[in-house]
Every structure is written in C-alpha cells, then in structure tokens.
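Note: the block below is target.cif and it holds mmCIF, C-alpha atoms and all ligand atoms.
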```cif
data_upload
loop_
_atom_site.label_atom_id
_atom_site.label_comp_id
_atom_site.auth_asym_id
_atom_site.auth_seq_id
_atom_site.Cartn_x
_atom_site.Cartn_y
_atom_site.Cartn_z
CA MET J 92 -44.76 9.56 -95.58
CA ARG J 93 -42.10 7.48 -93.91
CA ALA J 94 -43.02 4.19 -92.23
CA THR J 95 -41.38 1.07 -90.81
CA LEU J 96 -41.39 -2.08 -92.93
CA MET J 97 -40.04 -5.51 -92.05
CA TYR J 98 -38.71 -7.57 -94.95
CA ALA J 99 -37.25 -10.49 -93.02
CA ALA J 100 -35.88 -11.44 -89.66
CA ASP J 101 -33.34 -8.80 -88.66
CA ASP J 102 -34.28 -6.63 -91.67
CA VAL J 103 -36.26 -3.55 -90.64
CA ARG J 104 -36.31 -0.55 -92.98
CA VAL J 105 -37.85 2.89 -92.96
CA GLU J 106 -39.21 3.69 -96.42
CA ASP J 107 -41.59 5.97 -98.30
CA VAL J 108 -45.15 4.66 -98.36
CA ALA J 109 -48.44 6.20 -99.53
CA ASP J 110 -49.80 9.01 -97.35
CA PRO J 111 -52.92 7.96 -95.46
CA TRP J 112 -56.26 9.36 -96.62
CA ILE J 113 -59.89 8.95 -95.61
CA HIS J 114 -61.22 5.76 -97.25
CA GLN J 115 -64.43 5.43 -95.24
CA PRO J 116 -66.59 8.16 -93.64
CA THR J 117 -65.79 6.58 -90.24
CA ASP J 118 -61.99 6.94 -90.72
CA ALA J 119 -59.65 9.54 -89.28
CA VAL J 120 -56.06 10.33 -90.15
CA VAL J 121 -53.75 10.73 -87.16
CA ARG J 122 -50.31 12.31 -87.28
CA VAL J 123 -48.14 10.18 -85.00
CA VAL J 124 -46.41 12.03 -82.15
CA LEU J 125 -45.10 9.00 -80.26
CA SER J 126 -44.79 5.35 -81.13
CA CYS J 127 -42.74 2.48 -79.76
CA VAL J 128 -41.41 -1.00 -80.38
CA CYS J 129 -43.30 -3.88 -78.73
CA GLY J 130 -41.90 -7.11 -77.34
CA SER J 131 -44.26 -8.89 -79.75
CA ASP J 132 -42.56 -7.11 -82.70
CA LEU J 133 -39.49 -9.10 -81.75
CA TRP J 134 -41.08 -12.45 -82.64
CA PRO J 135 -41.13 -11.66 -86.41
CA TYR J 136 -37.80 -9.85 -85.97
CA LYS J 137 -36.36 -13.21 -84.93
CA SER J 138 -38.20 -15.40 -87.41
CA LEU J 139 -39.84 -13.66 -90.41
CA VAL J 140 -39.18 -15.52 -93.66
CA PRO J 141 -37.86 -13.08 -96.31
CA THR J 142 -40.71 -11.47 -98.27
CA ASP J 143 -41.22 -8.98 -101.11
CA THR J 144 -44.41 -7.76 -99.48
CA PRO J 145 -43.01 -6.40 -96.24
CA ARG J 146 -44.99 -6.10 -93.02
CA HIS J 147 -46.09 -2.63 -91.95
CA MET J 148 -44.94 -2.51 -88.35
CA GLY J 149 -46.21 -0.92 -85.17
CA HIS J 150 -49.41 -1.08 -83.16
CA GLU J 151 -48.80 1.38 -80.33
CA PHE J 152 -49.13 5.08 -81.06
CA LEU J 153 -50.58 8.36 -79.98
CA GLY J 154 -50.87 11.50 -81.99
CA VAL J 155 -52.97 14.37 -83.29
CA VAL J 156 -56.10 14.01 -85.42
CA GLU J 157 -55.47 15.72 -88.75
CA GLU J 158 -58.58 14.84 -90.70
CA THR J 159 -61.88 13.08 -90.01
CA GLY J 160 -64.41 11.36 -92.25
CA SER J 161 -67.94 12.76 -92.58
CA GLU J 162 -69.43 10.30 -90.06
CA VAL J 163 -66.87 10.83 -87.28
CA ARG J 164 -68.72 12.60 -84.46
CA GLY J 165 -66.61 12.52 -81.31
CA LEU J 166 -63.28 13.77 -82.65
CA ARG J 167 -62.04 16.75 -84.52
CA SER J 168 -58.87 17.95 -86.12
CA GLY J 169 -56.30 18.92 -83.46
CA ASP J 170 -57.45 16.41 -80.81
CA VAL J 171 -54.64 14.49 -79.10
CA VAL J 172 -55.57 10.81 -79.08
CA VAL J 173 -54.25 7.39 -78.12
CA ALA J 174 -54.99 4.25 -80.10
CA PRO J 175 -55.32 0.76 -78.58
CA PHE J 176 -53.33 -1.98 -80.29
CA THR J 177 -56.31 -3.15 -82.33
CA TYR J 178 -59.05 -1.01 -83.89
CA SER J 179 -62.71 -1.60 -83.09
CA ASP J 180 -66.13 0.01 -83.55
CA ASN J 181 -66.91 0.09 -79.79
CA THR J 182 -70.58 -0.66 -80.55
CA CYS J 183 -70.94 -4.33 -81.52
CA GLU J 184 -71.97 -7.15 -79.18
CA TYR J 185 -68.35 -8.00 -78.30
CA CYS J 186 -67.28 -4.39 -77.77
CA ARG J 187 -70.24 -3.79 -75.46
CA GLU J 188 -69.03 -6.58 -73.22
CA GLY J 189 -65.49 -5.21 -73.21
CA LEU J 190 -64.05 -7.69 -75.69
CA HIS J 191 -62.89 -5.18 -78.29
CA THR J 192 -60.25 -7.59 -79.63
CA SER J 193 -63.14 -9.72 -80.98
CA CYS J 194 -64.95 -6.74 -82.58
CA VAL J 195 -66.91 -7.82 -85.66
CA HIS J 196 -65.51 -4.80 -87.55
CA GLY J 197 -62.14 -4.76 -85.81
CA GLY J 198 -58.69 -5.59 -87.01
CA GLN J 199 -54.98 -5.17 -86.64
CA TRP J 200 -52.74 -2.28 -87.53
CA GLY J 201 -50.45 -2.80 -90.49
CA VAL J 202 -52.55 -5.30 -92.44
CA LYS J 203 -55.32 -5.14 -95.09
CA GLY J 204 -54.39 -1.62 -96.20
CA VAL J 205 -54.37 -0.16 -92.71
CA ASP J 206 -51.18 1.64 -91.69
CA GLY J 207 -48.85 0.45 -88.96
CA GLY J 208 -48.16 2.66 -85.95
CA GLN J 209 -44.41 3.00 -86.52
CA GLY J 210 -44.71 5.70 -89.13
CA GLN J 211 -45.48 9.37 -89.51
CA ALA J 212 -49.25 8.99 -89.82
CA VAL J 213 -52.01 6.38 -89.65
CA ARG J 214 -55.43 5.96 -91.21
CA VAL J 215 -57.60 4.88 -88.28
CA PRO J 216 -60.71 2.82 -89.12
CA TYR J 217 -63.79 3.34 -86.88
CA ALA J 218 -62.09 6.39 -85.39
CA ASP J 219 -64.95 7.17 -82.97
CA GLY J 220 -64.77 3.67 -81.55
CA THR J 221 -61.04 3.18 -81.67
CA LEU J 222 -59.43 6.40 -80.50
CA VAL J 223 -59.57 7.85 -77.02
CA LYS J 224 -59.11 11.59 -76.63
CA LEU J 225 -56.37 12.63 -74.20
CA PRO J 226 -56.92 15.79 -72.14
CA VAL J 227 -53.36 17.01 -72.69
CA GLY J 228 -51.41 18.88 -75.35
CA GLU J 229 -49.00 17.25 -77.76
CA ASP J 230 -46.11 18.71 -75.73
CA SER J 231 -47.25 17.11 -72.43
CA ALA J 232 -44.55 15.42 -70.35
CA LEU J 233 -47.10 12.66 -69.65
CA LEU J 234 -47.19 11.43 -73.25
CA PRO J 235 -44.80 8.46 -72.72
CA ASP J 236 -46.94 7.35 -69.74
CA LEU J 237 -50.12 7.78 -71.78
CA LEU J 238 -48.63 5.81 -74.69
CA THR J 239 -48.53 2.71 -72.46
CA LEU J 240 -52.37 2.75 -72.56
CA SER J 241 -51.97 1.60 -76.14
CA ASP J 242 -50.74 -1.83 -75.09
CA VAL J 243 -48.42 -2.73 -72.23
CA LEU J 244 -50.27 -1.12 -69.33
CA CYS J 245 -53.61 -2.48 -70.51
CA THR J 246 -52.08 -5.91 -71.15
CA GLY J 247 -50.60 -6.04 -67.64
CA TYR J 248 -53.94 -4.87 -66.28
CA HIS J 249 -55.80 -7.52 -68.27
CA ALA J 250 -53.60 -10.14 -66.60
CA ALA J 251 -54.41 -8.80 -63.15
CA ARG J 252 -58.13 -8.43 -63.85
CA THR J 253 -58.65 -11.82 -65.46
CA ALA J 254 -56.66 -13.46 -62.66
CA GLY J 255 -59.09 -11.82 -60.26
CA VAL J 256 -56.53 -9.88 -58.23
CA GLU J 257 -58.21 -8.22 -55.28
CA LYS J 258 -57.33 -6.36 -52.12
CA GLY J 259 -54.93 -8.25 -49.88
CA ASP J 260 -54.06 -10.83 -52.55
CA SER J 261 -50.76 -12.60 -53.14
CA VAL J 262 -49.55 -12.41 -56.72
CA THR J 263 -46.62 -13.79 -58.71
CA VAL J 264 -45.68 -11.90 -61.88
CA ILE J 265 -43.57 -13.93 -64.31
CA GLY J 266 -41.44 -11.78 -66.60
CA ASP J 267 -39.64 -8.48 -66.10
CA GLY J 268 -40.37 -7.03 -69.55
CA ALA J 269 -42.61 -4.00 -70.04
CA VAL J 270 -45.77 -6.12 -69.72
CA GLY J 271 -44.56 -7.86 -66.56
CA LEU J 272 -43.68 -4.51 -65.00
CA SER J 273 -47.10 -3.19 -66.03
CA ALA J 274 -48.66 -6.24 -64.38
CA VAL J 275 -46.86 -5.28 -61.16
CA ILE J 276 -48.34 -1.75 -61.40
CA SER J 277 -51.77 -3.26 -62.05
CA ALA J 278 -51.63 -5.80 -59.20
CA ARG J 279 -50.68 -2.97 -56.86
CA LEU J 280 -53.50 -0.79 -58.22
CA LEU J 281 -55.99 -3.58 -57.45
CA GLY J 282 -54.73 -3.83 -53.88
CA ALA J 283 -52.43 -6.86 -53.90
CA GLU J 284 -50.43 -7.12 -50.70
CA GLN J 285 -47.64 -9.44 -51.78
CA ILE J 286 -46.26 -9.13 -55.31
CA ILE J 287 -43.44 -11.49 -56.22
CA LEU J 288 -41.71 -10.48 -59.45
CA MET J 289 -39.84 -13.28 -61.23
CA GLY J 290 -37.12 -11.86 -63.45
CA ARG J 291 -33.38 -11.84 -63.71
CA HIS J 292 -32.49 -8.42 -65.11
CA ARG J 293 -31.52 -6.34 -62.15
CA THR J 294 -32.33 -2.88 -63.59
CA ARG J 295 -35.77 -4.15 -64.62
CA THR J 296 -36.57 -5.84 -61.33
CA ASP J 297 -35.39 -2.71 -59.49
CA LEU J 298 -37.96 -0.76 -61.51
CA GLY J 299 -40.44 -3.50 -60.57
CA ARG J 300 -39.75 -2.82 -56.89
CA ASP J 301 -40.39 0.87 -57.50
CA PHE J 302 -43.69 -0.12 -59.14
CA GLY J 303 -44.75 -2.16 -56.10
CA ALA J 304 -43.11 -5.60 -56.18
CA THR J 305 -42.54 -6.74 -52.60
CA ASP J 306 -40.16 -9.57 -53.53
CA VAL J 307 -37.96 -10.43 -56.50
CA VAL J 308 -37.06 -13.98 -57.51
CA ALA J 309 -34.22 -14.20 -60.01
CA ASP J 310 -34.19 -18.02 -60.19
CA ARG J 311 -36.14 -19.83 -62.88
CA GLY J 312 -37.72 -23.26 -63.15
CA GLU J 313 -37.81 -25.49 -60.08
CA GLU J 314 -35.46 -23.26 -58.09
CA GLY J 315 -37.63 -20.25 -58.85
CA VAL J 316 -40.77 -22.11 -57.81
CA ALA J 317 -39.09 -23.28 -54.59
CA ARG J 318 -38.23 -19.67 -53.79
CA VAL J 319 -41.85 -18.54 -54.36
CA LYS J 320 -43.01 -21.34 -52.03
CA GLU J 321 -40.56 -20.16 -49.37
CA LEU J 322 -41.98 -16.66 -49.61
CA THR J 323 -45.58 -17.89 -49.25
CA GLY J 324 -45.45 -20.39 -46.40
CA GLY J 325 -45.02 -23.31 -48.80
CA LYS J 326 -48.27 -22.71 -50.70
CA GLY J 327 -47.62 -20.42 -53.64
CA THR J 328 -49.60 -17.29 -54.55
CA ARG J 329 -53.33 -17.13 -55.26
CA ARG J 330 -52.74 -15.35 -58.56
CA VAL J 331 -50.05 -15.80 -61.18
CA LEU J 332 -49.65 -13.35 -64.04
CA GLU J 333 -47.66 -14.94 -66.86
CA CYS J 334 -46.19 -12.16 -69.01
CA VAL J 335 -43.63 -13.95 -71.19
CA GLY J 336 -45.39 -16.34 -73.57
CA LEU J 337 -43.03 -19.31 -73.40
CA LYS J 338 -44.02 -22.80 -72.31
CA ASP J 339 -41.43 -22.78 -69.53
CA SER J 340 -43.03 -19.69 -67.98
CA VAL J 341 -46.46 -21.33 -67.99
CA VAL J 342 -44.95 -24.41 -66.33
CA GLN J 343 -43.35 -22.07 -63.80
CA GLY J 344 -46.79 -20.53 -63.26
CA PHE J 345 -48.32 -23.90 -62.40
CA GLY J 346 -45.53 -24.35 -59.88
CA ALA J 347 -45.97 -20.92 -58.32
CA VAL J 348 -49.76 -20.90 -58.01
CA ARG J 349 -51.51 -21.90 -54.78
CA ASP J 350 -54.08 -24.73 -54.94
CA GLY J 351 -57.42 -23.21 -55.97
CA GLY J 352 -55.61 -20.28 -57.54
CA THR J 353 -55.67 -18.65 -60.97
CA ILE J 354 -53.04 -18.27 -63.66
CA SER J 355 -53.59 -15.58 -66.26
CA ARG J 356 -51.38 -15.64 -69.30
CA VAL J 357 -51.02 -12.53 -71.42
CA GLY J 358 -47.64 -13.26 -72.98
CA ALA J 359 -48.35 -14.00 -76.65
CA PRO J 360 -47.88 -17.80 -76.63
CA GLN J 361 -44.98 -19.09 -78.69
CA PHE J 362 -46.18 -22.67 -78.20
CA THR J 363 -49.32 -24.64 -79.00
CA ASP J 364 -49.92 -27.02 -76.12
CA VAL J 365 -50.35 -26.15 -72.45
CA PRO J 366 -49.26 -28.77 -69.93
CA PHE J 367 -52.41 -28.98 -67.80
CA GLY J 368 -52.72 -32.60 -66.78
CA PHE J 369 -54.00 -34.75 -63.94
CA ARG J 370 -51.60 -33.42 -61.31
CA ASP J 371 -52.87 -29.86 -61.72
CA PHE J 372 -56.46 -31.05 -62.19
CA LEU J 373 -56.27 -32.32 -58.62
CA ARG J 374 -55.30 -28.82 -57.47
CA ASN J 375 -58.31 -26.94 -58.93
CA ILE J 376 -56.26 -24.46 -60.85
CA THR J 377 -57.95 -21.98 -63.22
CA LEU J 378 -56.08 -21.00 -66.38
CA THR J 379 -57.33 -17.79 -67.99
CA GLY J 380 -56.06 -14.72 -69.85
CA GLY J 381 -55.58 -14.03 -73.52
CA VAL J 382 -55.11 -11.03 -75.73
CA ALA J 383 -55.94 -7.81 -73.88
CA PRO J 384 -58.92 -5.79 -75.11
CA ALA J 385 -56.93 -2.62 -74.44
CA ARG J 386 -59.73 -0.32 -75.58
CA ALA J 387 -61.88 -1.58 -72.69
CA TYR J 388 -59.40 -0.39 -70.06
CA ILE J 389 -58.11 2.95 -71.38
CA GLU J 390 -60.71 5.22 -69.75
CA GLU J 391 -60.42 3.30 -66.47
CA LEU J 392 -56.62 3.54 -66.28
CA MET J 393 -56.10 7.01 -67.72
CA PRO J 394 -56.95 8.96 -64.51
CA HIS J 395 -54.20 7.11 -62.61
CA VAL J 396 -51.72 8.19 -65.28
CA LEU J 397 -52.97 11.78 -65.43
CA ASP J 398 -52.73 12.31 -61.67
CA GLY J 399 -49.22 10.82 -61.62
CA SER J 400 -50.10 8.04 -59.17
CA ILE J 401 -48.64 5.52 -61.61
CA ARG J 402 -45.72 6.21 -63.98
CA PRO J 403 -45.83 3.32 -66.48
CA GLY J 404 -43.81 5.36 -69.00
CA ARG J 405 -40.73 4.58 -66.93
CA VAL J 406 -40.51 1.34 -68.94
CA PHE J 407 -39.15 3.43 -71.83
CA ASP J 408 -35.41 3.53 -71.36
CA ARG J 409 -34.39 4.74 -74.81
CA THR J 410 -35.75 7.23 -77.34
CA LEU J 411 -34.92 7.16 -81.05
CA GLY J 412 -36.06 8.96 -84.17
CA LEU J 413 -38.10 7.01 -86.71
CA GLU J 414 -35.20 6.77 -89.15
CA ASP J 415 -33.17 4.94 -86.47
CA ILE J 416 -35.89 2.45 -85.52
CA ALA J 417 -33.89 -0.57 -86.75
CA GLU J 418 -31.43 0.21 -83.95
CA GLY J 419 -34.39 0.14 -81.54
CA TYR J 420 -35.35 -3.36 -82.68
CA ARG J 421 -31.75 -4.48 -82.30
CA ALA J 422 -31.41 -2.95 -78.83
CA MET J 423 -34.60 -4.58 -77.56
CA ASN J 424 -33.76 -7.92 -79.16
CA ASP J 425 -30.28 -7.87 -77.58
CA ARG J 426 -31.84 -6.75 -74.28
CA ASP J 427 -29.80 -3.54 -74.33
CA ALA J 428 -33.09 -1.69 -74.02
CA LEU J 429 -36.28 -2.55 -72.14
CA LYS J 430 -38.65 -0.61 -74.40
CA VAL J 431 -37.82 1.92 -77.09
CA LEU J 432 -39.81 5.09 -77.65
CA ILE J 433 -39.98 6.37 -81.23
CA ARG J 434 -40.44 10.03 -82.13
CA PRO J 435 -41.32 10.34 -85.83
ZN ZN Q 1 -67.03 -4.04 -81.99
#
```
What do you get writing this file as structure tokens?
Ligand SMILES: [Zn+2]
Amino acid sequence: MRATLMYAADDVRVEDVADPWIHQPTDAVVRVVLSCVCGSDLWPYKSLVPTDTPRHMGHEFLGVVEETGSEVRGLRSGDVVVAPFTYSDNTCEYCREGLHTSCVHGGQWGVKGVDGGQGQAVRVPYADGTLVKLPVGEDSALLPDLLTLSDVLCTGYHAARTAGVEKGDSVTVIGDGAVGLSAVISARLLGAEQIILMGRHRTRTDLGRDFGATDVVADRGEEGVARVKELTGGKGTRRVLECVGLKDSVVQGFGAVRDGGTISRVGAPQFTDVPFGFRDFLRNITLTGGVAPARAYIEELMPHVLDGSIRPGRVFDRTLGLEDIAEGYRAMNDRDALKVLIRP
C-alpha cells in the first residue's frame, strides 16, 4: 500500500510500504477513507533531523473495517469507523476513568510497527477498544465533520472540559488554528456566554465567529491582554483555553485569566518551563490541561455532529489526494491552508 513517510524537515514522501495484516487476535485492518494533516505534524516538518528510518505519519483517520482478528467482538467487516489519535484497550484502570492516552496497552500511530493514518490502510491494535463505529455510510457528507472526532474537536473539548467551562462562563481561546476553533465550538456547547477568540488570521477568526466567538482580539502579548481586560470589565475571563503550545501563548493566558480562574493548555508544548511564579500564585490561578484522551469524548460529541448542530469539519479548507500530501504539509506550514483533508 501507499503511505506517508517523513525523512527530514520539509521532506515528506508517499511510498510503498507493507500491507497491514492481523498480528494479534484483537487487531483490525481499516481501509482509510479520510485522513488529514495535523498542526502537530508540522513540528517535525519544521525540525526533523534527516533519518534513514523515516517516520510513518498521520494519526487522524476514519475508514471501513476490512478484516478483524478472532477476538474482535464489536466490529465487523464493512463497518465505518473513526479512530482517536492514540489507540487504547478501553478496559484498563486509566481507560475506565477516561484517560485513554495513559492506557497500559495503548500507543501512538506510526511507531513500533503500527501504521500511520496518512496511508491507504491501518492495522488497528485493540480494535474493540480503539475504534468507534459511525452510523453513516462511507459516502456520507458528514465524514469530514466526523473525522474531527479523531483529534481536533476532542482536543478543543478537552480544553473546555478541563478548564471547567460551564453555563454563563466567560472564556478566552488563544489560537485560531483548528484546535482553537474547535475549542470555540466546545465552549459554546458547554454554555459559555462570552467567548473571546485571540487570533490574527481574519478568515480563521471569521469562522470562529460563526462557531460562537462573541469577540475577536487580533493583538498579541500585552496589547492583546489589555484588550481582553477591556472586554471583561478589567478582570479577564474565568477560563482560558490555550491552543497553541508556545510559551508566549501561556504567558498571554496568565494575562487574560481572571483571578481565581483556570487556564487549560492543550497546545502541544514546544517549551519545557512554565512561568508560574509568585505574582500568579497570589492570584489563585489553576493551570490544567494536557493531551486529550480523544477516545473518552467521541461518543459524547458524535450526536452533535450527526444532527448538524455543530459543523467542525468546516476547519478543512483544502482537500488533496494522498500522492499530493507533501503539498498539504507545505500549505499548512506556510499558513496557506488551515487544515488539509486527505483522500487516499
Ligand atoms: Zn486502557
């Protein structure tokens, strides 16, 4: 089959790799119908040191079950399924408390002999635990919306949930990428009244307004924080959802949050130390968030997608074939595209 491999920064290739097959009785093989490029794929795209053992790319996909191992009970050939961005057994102690990203049997796509999602097919470990069946056909117009359950929608929702967003709340969302826009959708879904979106790309923040942002702040840093204060009677918002992953955005979050408030960070951190010193100690700020256990949220969010009340698939603004995926990486890296959908 054909699959996406990264050999170095700025060097993404589509090559022949071994077809997936059932290794364990709990595996399934899924033919990929839709995949996409993630903002987090851009970190290695910017920085990967050249290697002869390329990375198998992609962790967001949905598709059709082609084959199941002898111990797979809940799925059969022909089922349309979505995969969360990590696999998990859905039965261990961590999974039972909704922390599927810490699953004792879990792991990441594209490593240790498991296929990446940006290819024609994937061997899925712990298929019963990992995959969620979608009640639609593989020709459904909702597939791009449903694909966001794989990562960005659940990641935005994780930010809103861990920040404790509730009805009537004031929320600042930092970042107008696909996760930030999904955080806007999620804050709205949980009943936030004021949603301030901080971002400077007009087409993206316009989409954010469609998704429920009540205000947009294009300024960054101290000016951006001052603007958030103006919009909140000088106090800041009770919740801040940090969806970028850079130190500056976390600093901006501390500026935008109201005393006693909560910052949740779901942007994969590209830094090691968080500035959380005496000044913020005096303000009783809570810092939370982390990697989203997407599997824990899929069933909860899916009905909102199926009934059309949210349209998270609008974050996809370009569609490419698998063979052209390198152009998708380039377009997202150059900010020509917000999020690129891949049809193998
Ligand atoms: Zn588990």
Worksheet item: By how many Å are CA of Asp260 (chain J) and CA of Arg291 (chain J) apart?
Response: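 Answer for the CA of Asp260 (chain J) to CA of Arg291 (chain J) separation: 23.5 Å.
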Pick out the residues sitting within 7 Å of Ser126 (chain J), and hand them over as a compact mmCIF listing (two decimals) with C-alpha atoms, in the frame of the given file; count only C-alpha atoms, and ignore anything fewer than 5 positions along from it in its own chain.
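Heads up, here's the output in selection-v6.txt:
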```
# COMPACT_ATOMS: atom_id res chain seq x y z
CA GLU J 151 -48.80 1.38 -80.33
CA PHE J 152 -49.13 5.08 -81.06
CA LEU J 153 -50.58 8.36 -79.98
CA GLY J 208 -48.16 2.66 -85.95
CA GLN J 209 -44.41 3.00 -86.52
CA LEU J 432 -39.81 5.09 -77.65
CA ILE J 433 -39.98 6.37 -81.23
CA ARG J 434 -40.44 10.03 -82.13
```
Worksheet item: With distances taken over all atoms listed in the file, which of J:Val262, J:Ala254, J:Trp134, J:Leu222 is nearest to Leu337 (chain J)?
Response: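 Answer, going by the shortest atom-to-atom distance: J:Trp134.
With all atoms listed in the file as the atoms that count, the minimum distance from Gly282 (chain J) to the choices J:Arg104, J:Arg252, J:His191, J:Arg300 is reached by J:Arg252.
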Worksheet entry | Selection near Arg374 (chain J), 8 Å with all atoms listed in the file, sequence-local residues under 4 positions removed, as a ChimeraX atom specification | /J:350-351,370
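Near ligand ZN 1 (chain Q), at distances of 10 Å or less and with all atoms listed in the file counted, sit the residues Tyr178, Ser179, Asp180, Asn181, Thr182, Cys183, Glu184, Tyr185, Cys186, Arg187, Glu188, Gly189, Leu190, His191, Thr192, Ser193, Cys194, Val195, His196, Gly197, Gly198, Tyr217, Gly220 and Thr221 of chain J.
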Response to the item:
Restricting to all atoms listed in the file, whichever of J:Gly204, J:Gly312, J:Gly358, J:Gly419 is closest to Val103 (chain J) is J:Gly419
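Residue nearest Leu322 (chain J), chosen from J:Ser277, J:Ser400, J:Thr305, J:Thr296 and counting only C-alpha atoms: J:Thr305.
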Using all atoms listed in the file, tabulate the residues of region 155-239 of chain J lying at most 9 Å from any atom of region 142-147 of chain J, each with its closest atom pair and that distance in Å to one decimal, by chain and increasing residue number, as JSON lines.
```
{"residue": "J:Trp200", "atom": "CA", "partner": "J:His147", "partner_atom": "CA", "distance": 8.0}
{"residue": "J:Gly201", "atom": "CA", "partner": "J:His147", "partner_atom": "CA", "distance": 4.6}
{"residue": "J:Val202", "atom": "CA", "partner": "J:His147", "partner_atom": "CA", "distance": 7.0}
{"residue": "J:Val205", "atom": "CA", "partner": "J:His147", "partner_atom": "CA", "distance": 8.7}
{"residue": "J:Asp206", "atom": "CA", "partner": "J:His147", "partner_atom": "CA", "distance": 6.6}
{"residue": "J:Gly207", "atom": "CA", "partner": "J:His147", "partner_atom": "CA", "distance": 5.1}
{"residue": "J:Gly208", "atom": "CA", "partner": "J:His147", "partner_atom": "CA", "distance": 8.3}
{"residue": "J:Gln209", "atom": "CA", "partner": "J:His147", "partner_atom": "CA", "distance": 8.0}
{"residue": "J:Gly210", "atom": "CA", "partner": "J:His147", "partner_atom": "CA", "distance": 8.9}
```
Discussion item. Need to verify the contact set: Phe407 (chain J), 6 Å, all atoms listed in the file, exclusion of same-chain residues closer than 2 positions in sequence. Can you return it as a ChimeraX atom specification?
Written reply: /J:404-405,409,430-431
Worksheet item: With all atoms listed in the file as the atoms that count, which of J:His292, J:His150, J:His249, J:Arg349 lies nearest to Ser131 (chain J)?
Response: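 Among the listed residues, the smallest separation from Ser131 (chain J) belongs to J:His150.
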Discussion item. Give me, as a list in words, all polymer residues having an atom no more than 12 Å from Thr294 (chain J), counting all atoms listed in the file and skipping those fewer than 6 positions away in the same chain.
Written reply: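 Listing them by chain and then by number gives Asp267, Gly268, Leu272, Arg300, Asp301, Val307, Arg405, Val406, Asp408, Arg426, Asp427, Ala428 and Leu429 of chain J.
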Worksheet entry | Sphere at (-42.5, -12.6, -68.7), radius 7 Å, counting all atoms listed in the file: residues as a PyMOL selection string | chain J and resi 265-268+271+333-336+358
Practice prompt. Excluding Val316 (chain J) and residues on its chain fewer than 5 positions from it, collect all residues at most 7 Å away from it, counting all atoms listed in the file, and give them as number ranges by chain.
Written response: J: 343, 346-347
Worksheet item: Counting only C-alpha atoms, which of J:Glu162, J:Asp132, J:Asp110, J:Asp242 gets nearest to Ile389 (chain J)?
Response: J:Asp242
Give, as AutoDock Vina command-line options, the centre coordinates and the x, y and z edge lengths in Å to one decimal for an axis-aligned box around all listed atoms of region 134-148 of chain J, padded by 5 Å on each side.
```
--center_x -41.2 --center_y -9.0 --center_z -91.9 --size_x 19.7 --size_y 23.0 --size_z 28.5
```
Practice prompt. Please indicate the distance in Å from CA of Asp371 (chain J) to CA of Thr263 (chain J), rounded to one decimal place.
Written response: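 Pair CA of Asp371 (chain J) / CA of Thr263 (chain J) returns 17.5 Å.
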